[in-house]
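What follows is one structure encoded as structure tokens, with my remarks underneath.
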Amino acid sequence: MKNQYNKTITACFVGYIVQAVVNNFTPLLFLFFQKSYHVPISQITLLVTFNFGIQLLVDLLSVRFIDKIGYRVSMIAAHALAAAGLLLLTVLPEILPVPFIGILIAVMIYAIGGGLLEVLVSPVVEACPSDNKEKAMSLLHSFYCWGHAGVVLLSTLFFYAAGIDNWKILAIIWAVIPIGNAFVFAKVPIVPLLEDGETGLGLKELFRLKVFWILLIMMICAGASEQAVSQWASAFAEKGLGISKAAGDLAGPMAFAILMGTSRLFYGKYGDRINLDHFMIYSCLLCILSYLGISLFRAPLLNLIACAVCGLSVGIMWPGTFSKASAALPKGGTAMFALLALGGDMGCAGGPTLVGMISDSLGDNLKMGILAGIIFPVLLLLGILRCKKGNTLS
């Protein structure tokens, strides 16, 4: 039976690769869409906001319907929507009078799938019998990083070999992954998050708990700490080192993703020997130092190295906060996981926005924008220290 649950966990790993595909494939085509479909850059920029906005909405609404329709049906639907969005991306812009509307519809459909995956995958893994749930959670979240790095690398190689004009072939290839994984989820065993007869905490009950609010703020800061640098890593590589966009994407975001995944893989392998609180505290301190390095080093190469080190430092933040929430609130249920996912997405959107706003107000000074973003790892560190004093805060 345990081997059967290993299949469930493996399917969840692939689920996070699917989420990485839907979040990171289309942005690689933005400039191509701008040229071939004559879409202005202002509308292209809207696609990122729209994608994460839809995922935020799904995070919020999922509290009401996932428990009613069940995890299996929800998981299959999430994969089907992710695949449908990728496939429609190759068709709708060609057949609709306004190509941008076609792109927007496709993004909306796969964003619903991505939002569902974010809410579903972690609790499914948390519910599976395992010797060390913190290790499993960290290993799970590493697969988003490997998916992110793989999408950038394999797509870049495909565009180089076959030409970016053949991007539709690649979109269909990426869509095969969620289609296949949907069939897997139709068969693997899925354990209920709570025992039969038990009900998870409701929204009002969660909102009354001080520890939940601390964990929610930690989740916001985890997402913000990660994306405030990740979203700007390519710009650092291109402008600071004067290299091409393709090389900048490989040296910036992909290096960040690989080191973030390495951190999660390391804890996933050795987590049973490591105190989670200590690992998160040291990671926060390293993150603060990396932010200072990005902002204050004068050599562009050192700035880029600090960006990569930041990827290493933020790896444990998101899965570690999930694990701490599961331990502190074992009856949190679907509502807790959905709200934490919502908080994480808010941080992913808010972190880069703060950096961009501060940078713009200081004359496009990106270094000072990232220096302002240091507030996120600092707040996360304070949250860990507060929770460390007692998980029964009320």
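Ordering of the structure tokens sets the chain letters (A, B, ...), residue numbers begin anew at 1 in every chain, and ligands are numbered from 1 in the order given.
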Original post:
Leaving out Ala149 of chain A and any residue of its chain fewer than 6 positions from it, which residues lie within 7 Å of it when counting only C-alpha atoms, given as a list of chain:residue names?
Top reply: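 The neighbour list is A:Met254, A:Ala257, A:Ile258.
The neighbours of Asn24 of chain A here are the residues that come within 8 Å of it, using only C-alpha atoms and leaving out any residue fewer than 2 positions away in the same chain; they are Ala20, Val21, Val22, Thr26, Pro27, Leu28, His148, Val151 and Val152 of chain A.
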**OP:** Among the residues of segment 59-245 of chain A, find those DSSP assigns to helix (DSSP H, G or I) from the backbone and print them as a PyMOL selection string.
**Re:** chain A and resi 59-69+71-89+92-95+99-127+133-162+164-185+203-207+210-241+245
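Considering the residues A:Ala162, A:Ile173, A:Leu29, A:Ala308 and counting only C-alpha atoms, Glu226 of chain A has its shortest atom-to-atom contact with A:Ala308.
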Original post:
Between A:Lys68, A:His141, A:Lys135, A:Lys7, which has the minimum distance to Ala186 of chain A (counting only C-alpha atoms)?
Top reply: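 For Ala186 of chain A, the nearest of the given residues is A:Lys7.
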Subject >> Option closest in space to Phe185 of chain A, from A:Ala228, A:Ile41, A:Met336, A:Val73 [counting only C-alpha atoms] >> reply: A:Val73
**OP:** Using only C-alpha atoms, find the one residue out of A:Cys387, A:Leu157, A:Ile66, A:Cys128 that sits nearest to Ala327 of chain A.
**Re:**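 Closest to Ala327 of chain A of all the choices is A:Cys387.
Residues in contact range of Gly115 of chain A, defined as at most 8 Å between only C-alpha atoms, with sequence neighbours fewer than 6 positions away removed, read Ile54, Gln55, Leu56, Val58 and Asp59 of chain A.
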Once you have the residues from the selection above, write them out as a JSON list (two decimals), in the first residue's frame, restricted to N, CA, C and O atoms.
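What landed in selection.json:
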[["chain", "number", "residue", "atom", "x", "y", "z"],
["A", 54, "ILE", "N", -6.05, 35.42, -11.89],
["A", 54, "ILE", "CA", -6.99, 34.29, -11.98],
["A", 54, "ILE", "C", -6.63, 33.23, -10.93],
["A", 54, "ILE", "O", -7.50, 32.66, -10.26],
["A", 55, "GLN", "N", -5.33, 32.96, -10.76],
["A", 55, "GLN", "CA", -4.91, 31.97, -9.77],
["A", 55, "GLN", "C", -5.26, 32.41, -8.36],
["A", 55, "GLN", "O", -5.67, 31.59, -7.52],
["A", 56, "LEU", "N", -5.12, 33.71, -8.07],
["A", 56, "LEU", "CA", -5.54, 34.24, -6.77],
["A", 56, "LEU", "C", -7.03, 34.01, -6.54],
["A", 56, "LEU", "O", -7.45, 33.61, -5.45],
["A", 58, "VAL", "N", -8.95, 31.74, -7.92],
["A", 58, "VAL", "CA", -9.18, 30.31, -7.74],
["A", 58, "VAL", "C", -8.81, 29.88, -6.31],
["A", 58, "VAL", "O", -9.52, 29.10, -5.67],
["A", 59, "ASP", "N", -7.66, 30.40, -5.81],
["A", 59, "ASP", "CA", -7.26, 30.10, -4.43],
["A", 59, "ASP", "C", -8.38, 30.46, -3.45],
["A", 59, "ASP", "O", -8.68, 29.71, -2.52]]
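Remark: for Phe33 of chain A, the closest of the candidate residues A:Phe100, A:Trp318, A:Phe207, A:Phe266 is A:Phe100 (distances computed over only C-alpha atoms).
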Original post:
Do you know which residues are at most 12 Å from Gly373 of chain A counting only C-alpha atoms, after dropping those on the same chain fewer than 4 positions away, and could you put them as a PyMOL selection string?
Top reply: chain A and resi 221-229+287-288+290-292+294-295+347+350-359+366-369+377-379
Take the residues just selected and output them with C-alpha atoms as an mmCIF file, in the first residue's frame.
data_model
loop_
_atom_site.group_PDB
_atom_site.id
_atom_site.type_symbol
_atom_site.label_atom_id
_atom_site.label_comp_id
_atom_site.auth_asym_id
_atom_site.auth_seq_id
_atom_site.Cartn_x
_atom_site.Cartn_y
_atom_site.Cartn_z
ATOM 1 C CA CYS A 221 6.743 37.101 2.727
ATOM 2 C CA ALA A 222 7.943 33.733 1.390
ATOM 3 C CA GLY A 223 6.373 34.424 -2.017
ATOM 4 C CA ALA A 224 7.577 38.030 -2.036
ATOM 5 C CA SER A 225 11.154 37.142 -0.985
ATOM 6 C CA GLU A 226 11.331 34.668 -3.859
ATOM 7 C CA GLN A 227 9.742 36.632 -6.689
ATOM 8 C CA ALA A 228 11.074 40.103 -5.820
ATOM 9 C CA VAL A 229 14.482 38.888 -7.031
ATOM 10 C CA CYS A 287 18.464 35.808 2.044
ATOM 11 C CA ILE A 288 18.975 39.132 3.823
ATOM 12 C CA SER A 290 21.952 38.185 -0.654
ATOM 13 C CA TYR A 291 19.575 41.170 -0.906
ATOM 14 C CA LEU A 292 22.338 43.376 0.495
ATOM 15 C CA ILE A 294 22.463 42.526 -4.955
ATOM 16 C CA SER A 295 21.908 46.120 -3.825
ATOM 17 C CA GLY A 347 3.468 37.797 -2.114
ATOM 18 C CA GLY A 350 3.322 42.110 -4.430
ATOM 19 C CA GLY A 351 7.082 41.561 -4.052
ATOM 20 C CA PRO A 352 8.054 42.409 -7.652
ATOM 21 C CA THR A 353 5.470 45.225 -7.681
ATOM 22 C CA LEU A 354 7.060 46.891 -4.629
ATOM 23 C CA VAL A 355 10.531 46.539 -6.134
ATOM 24 C CA GLY A 356 9.303 48.026 -9.423
ATOM 25 C CA MET A 357 7.502 50.942 -7.752
ATOM 26 C CA ILE A 358 10.486 51.876 -5.567
ATOM 27 C CA SER A 359 12.867 51.506 -8.522
ATOM 28 C CA LEU A 366 16.658 48.565 -9.522
ATOM 29 C CA LYS A 367 19.244 48.029 -6.791
ATOM 30 C CA MET A 368 17.449 50.362 -4.407
ATOM 31 C CA GLY A 369 14.128 48.734 -5.267
ATOM 32 C CA PRO A 377 12.858 38.141 4.545
ATOM 33 C CA VAL A 378 13.138 40.255 7.713
ATOM 34 C CA LEU A 379 9.403 39.867 8.467
#
Original post:
What gap, in Å, lies between atom CA of Ile384 of chain A and atom CA of Gln231 of chain A?
Top reply: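 The value is 25.0 Å.
Remark: for Leu342 of chain A, the closest of the candidate residues A:Leu96, A:Ile69, A:Ala325, A:Gly53 is A:Gly53 (distances computed over only C-alpha atoms).
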Subject >> Met317 of chain A environment, 7 Å, only C-alpha atoms, sequence neighbours closer than 3 positions dropped, as an MDAnalysis selection string >> reply: chainID A and resid 222 280 314 320:321
**OP:** Grab the atom CA of Leu153 of chain A to atom CA of Ile305 of chain A distance for me, in Å with one decimal place.
**Re:** 19.3 Å
**OP:** Tell me which protein, DNA and RNA residues are within 8 Å of Val176 of chain A, counting only C-alpha atoms, leaving out same-chain ones fewer than 4 positions away, and put them as an NGL selection string.
**Re:** :A and (83 or 172 or 180)
Can you write out the residues you just picked, keeping N, CA and C atoms, as a CSV table (one decimal), in the first residue's frame?
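And here is the file that came out, result-v1.csv:
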chain,number,residue,atom,x,y,z
A,83,ALA,N,-3.9,21.5,-19.7
A,83,ALA,CA,-3.7,21.0,-21.1
A,83,ALA,C,-4.5,21.8,-22.1
A,172,ILE,N,2.1,21.9,-27.8
A,172,ILE,CA,1.4,20.6,-27.9
A,172,ILE,C,2.2,19.6,-27.1
A,180,GLY,N,-1.3,13.2,-19.6
A,180,GLY,CA,-0.9,12.0,-19.0
A,180,GLY,C,-1.1,11.9,-17.5
**OP:** For Lys133 of chain A, list every protein, DNA or RNA residue within 12 Å, evaluated using only C-alpha atoms, and leave out those in the same chain fewer than 5 positions away; present the list as a list in words.
**Re:** Ile9, Ser122, Pro123, Val124, Val125, Glu126, Ala127, Cys128, Ser138, Leu139, Leu140, Tyr267, Gly268, Lys269, Gly271, Asp272, Leu276, Pro319, Gly320, Phe322, Ser323, Lys324, Ser326 and Ala327 of chain A
